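Read through the structure below, which is laid out as structure tokens, and then see the notes.
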Amino acid sequence: MESVTLDALDRRLIHALQLDGRLPFSRIAAAVGVPERTVARRYHRLRSRLALRVVGLVDGRRTGMLDWVVRVRCAPEAVETLAVLLARREDTSWIAPLVGGTELTCMIRTPPPGDDGRRPFFEQLARTTGVREVGAACVLRPVAGVGGWAGRMDALGEAEQRLLLPPRSAPVDPTEAVPVLSPADSALLRALSQDGRADLGRLASATGCSESTVRRRIGQLRDSGVLAFEVEIDPALFGYPIEALLWLDVPPAGLGAVAEALAGHQQVAFAALTTGPSSVFVMVECRSVSGLHAYVTDELAALHGISRIESAVTQRRTKRAGPLPAPLAEKRAGAPSGRAAAQ
């Protein structure tokens, strides 16, 4: 990726896209008070340098799937190969080798457990060359960061946000029936995962539907809670080069208060209640190691109910929320192959 520096307009554009990834450039331009061509040029500059991407994400809970936070301990020489193999899969995201060189983490989406005649993903992973231990915690409920990391959502004033935000719809009722996805829906969601701002013509070609049908279906999928849009961008560009993963031990009686507090912490990019030895998983972005120390010893220490904290610093991101961008996928296509995890 080419060197990129964000200025005030770039940050306002990113904030606007996090509010709605498919906002027309004309609306963003009107809200921030610059020509439309300037907004479009800024977006395409950042995207062409692989600094920014809007991706369409499917809420697995609305489609009957399960999300897992996975920790893999492996031989040092296997970390890079395993990260590349996992990144190639469509069902993985947020892949990060950890500092230390013998562990990586990722998120994986799977069907519910059951005997479908196939070897489960986790069994495949455990049999992969170089893997020593696999731990998986099921995401029970995200509690922070679903609508975007707060650290990149402070560039627009309230008046500007009101100009951009669509009318609020009623929250999705989790008891509602899961929408049935057609093959055309699957093709649409796949195309949006590669480029959340793909124009209607490209999406119509990908699905075999008319542009009006595609426009209507995107709206329906968003209203039902199946589809949302995320902005992928390196937090280091905002001055937060230190990313840490935290596993918090919290007894059941304290989960509600801890979850509510985490949702208000600017450092928290994502947090969820999970199964496993630790009941809360947190991803934080910090300006420095001393900033991470202050967050743990001040803000987290002030929360009642946390009995233990385990932390690890990520080395880098091999993959973020969406599929690998085409240039990166092509670059890694020649990476060494391996057993099991690539199946």
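Lettering and numbering for the structure tokens are positional, with chains as A, B, ... in the shown order, residues counted from 1 in each chain, and ligands counted from 1 in the shown order.
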
So which bits of region 71-316 of chain A end up strand (DSSP E) when you DSSP the backbone, as a VMD selection string?
chain A and resid 71 to 74 92 to 97 103 to 110 131 to 144 227 to 233 242 to 249 268 to 274 280 to 286 308 to 313

Under the rule of at most 12 Å, produce a per-residue listing of region 228-295 of chain A near region 139-154 of chain A: chain, number, name, the closest pair of atoms, and the distance in Å, as a tab-separated table, using only C-alpha atoms.
```
residue	atom	partner	partner_atom	distance
A:Ala228	CA	A:Gly147	CA	8.8
A:Phe229	CA	A:Gly147	CA	8.7
A:Glu230	CA	A:Gly148	CA	7.0
A:Val231	CA	A:Gly148	CA	7.7
A:Glu232	CA	A:Gly148	CA	9.7
A:Ile233	CA	A:Arg152	CA	9.4
A:Asp234	CA	A:Arg152	CA	10.3
A:Pro235	CA	A:Arg152	CA	8.1
A:Ala236	CA	A:Arg152	CA	10.9
A:Leu237	CA	A:Arg152	CA	9.8
A:Phe238	CA	A:Arg152	CA	7.2
A:Gly239	CA	A:Gly151	CA	9.6
A:Tyr240	CA	A:Gly151	CA	8.8
A:Leu255	CA	A:Val143	CA	10.4
A:Gly256	CA	A:Val143	CA	9.6
A:Ala257	CA	A:Val143	CA	11.0
A:Val258	CA	A:Val143	CA	9.6
A:Ala259	CA	A:Val143	CA	5.9
A:Glu260	CA	A:Val143	CA	7.4
A:Ala261	CA	A:Ala144	CA	9.3
A:Leu262	CA	A:Ala144	CA	6.5
A:Ala263	CA	A:Ala144	CA	4.5
A:Gly264	CA	A:Ala144	CA	8.0
A:His265	CA	A:Ala150	CA	8.1
A:Gln266	CA	A:Ala150	CA	5.3
A:Gln267	CA	A:Gly151	CA	6.8
A:Val268	CA	A:Trp149	CA	6.9
A:Ala269	CA	A:Trp149	CA	4.6
A:Phe270	CA	A:Gly145	CA	4.3
A:Ala271	CA	A:Ala144	CA	4.9
A:Ala272	CA	A:Pro142	CA	4.0
A:Leu273	CA	A:Arg141	CA	5.3
A:Thr274	CA	A:Val139	CA	4.5
A:Thr275	CA	A:Val139	CA	6.8
A:Gly276	CA	A:Val139	CA	9.7
A:Ser278	CA	A:Val139	CA	11.5
A:Ser279	CA	A:Leu140	CA	9.4
A:Val280	CA	A:Val139	CA	9.1
A:Phe281	CA	A:Val139	CA	8.7
A:Val282	CA	A:Ala144	CA	8.7
A:Met283	CA	A:Gly145	CA	9.1
A:Val284	CA	A:Trp149	CA	9.4
A:Glu285	CA	A:Gly151	CA	8.3
A:Cys286	CA	A:Gly151	CA	9.7
A:Arg287	CA	A:Gly151	CA	10.8
```

Out of A:Val55, A:Val4, A:Ala126, A:Val180, which residue has the shortest atom-to-atom distance to Gly21 (chain A) when counting only C-alpha atoms?
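Result for the nearest residue to Gly21 (chain A): A:Val55.
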
Judged by only C-alpha atoms, the minimum distance to Gly219 (chain A) among A:Ile28, A:Arg22, A:Glu77, A:Ala244 is found for A:Arg22

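With distances restricted to only C-alpha atoms, A:Leu189 is the closest residue to Leu57 (chain A) from A:Leu189, A:Ala31, A:Ala75, A:Leu98.
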
At a cut-off of 12 Å, using only C-alpha atoms, what residues contact Pro166 (chain A)? Leave out same-chain residues fewer than 2 positions from it and give the result as a CSV table (one decimal) with C-alpha atoms, in the first residue's frame.
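Okay, result.csv is ready:
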```csv
chain,number,residue,atom,x,y,z
A,16,ALA,CA,-19.9,9.9,6.1
A,19,LEU,CA,-22.9,6.3,8.4
A,20,ASP,CA,-24.0,4.8,5.1
A,21,GLY,CA,-21.5,3.1,2.8
A,22,ARG,CA,-23.6,3.7,-0.3
A,23,LEU,CA,-24.3,7.4,0.2
A,27,ARG,CA,-25.1,14.1,-0.8
A,161,GLN,CA,-24.8,14.0,10.2
A,162,ARG,CA,-28.5,14.9,10.2
A,163,LEU,CA,-28.1,15.8,6.5
A,164,LEU,CA,-26.6,12.4,5.7
A,168,ARG,CA,-34.3,5.9,11.4
A,169,SER,CA,-36.2,2.6,11.0
A,219,GLY,CA,-33.1,-1.9,0.7
A,223,ASP,CA,-34.1,-3.2,6.5
```

Looking at only C-alpha atoms, which of A:Trp247, A:Leu82, A:Pro325, A:Gly305 is the one that sits closest to Ala191 (chain A)?
A:Pro325

Please provide as a list in words all residues within 6 Å of Arg11 (chain A), with the sequence filter that same-chain residues fewer than 3 positions apart are discarded (counting only C-alpha atoms).
Ala8, Ile14 and Ala155 of chain A

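Note that the spacing between CA of Thr5 (chain A) and CA of Glu243 (chain A) amounts to 18.9 Å.
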
Show which residues sit within 7 Å of Arg73 (chain A), as an MDAnalysis selection string. Count only C-alpha atoms, and ignore same-chain residues fewer than 3 positions away.
chainID A and resid 102:104 131:134
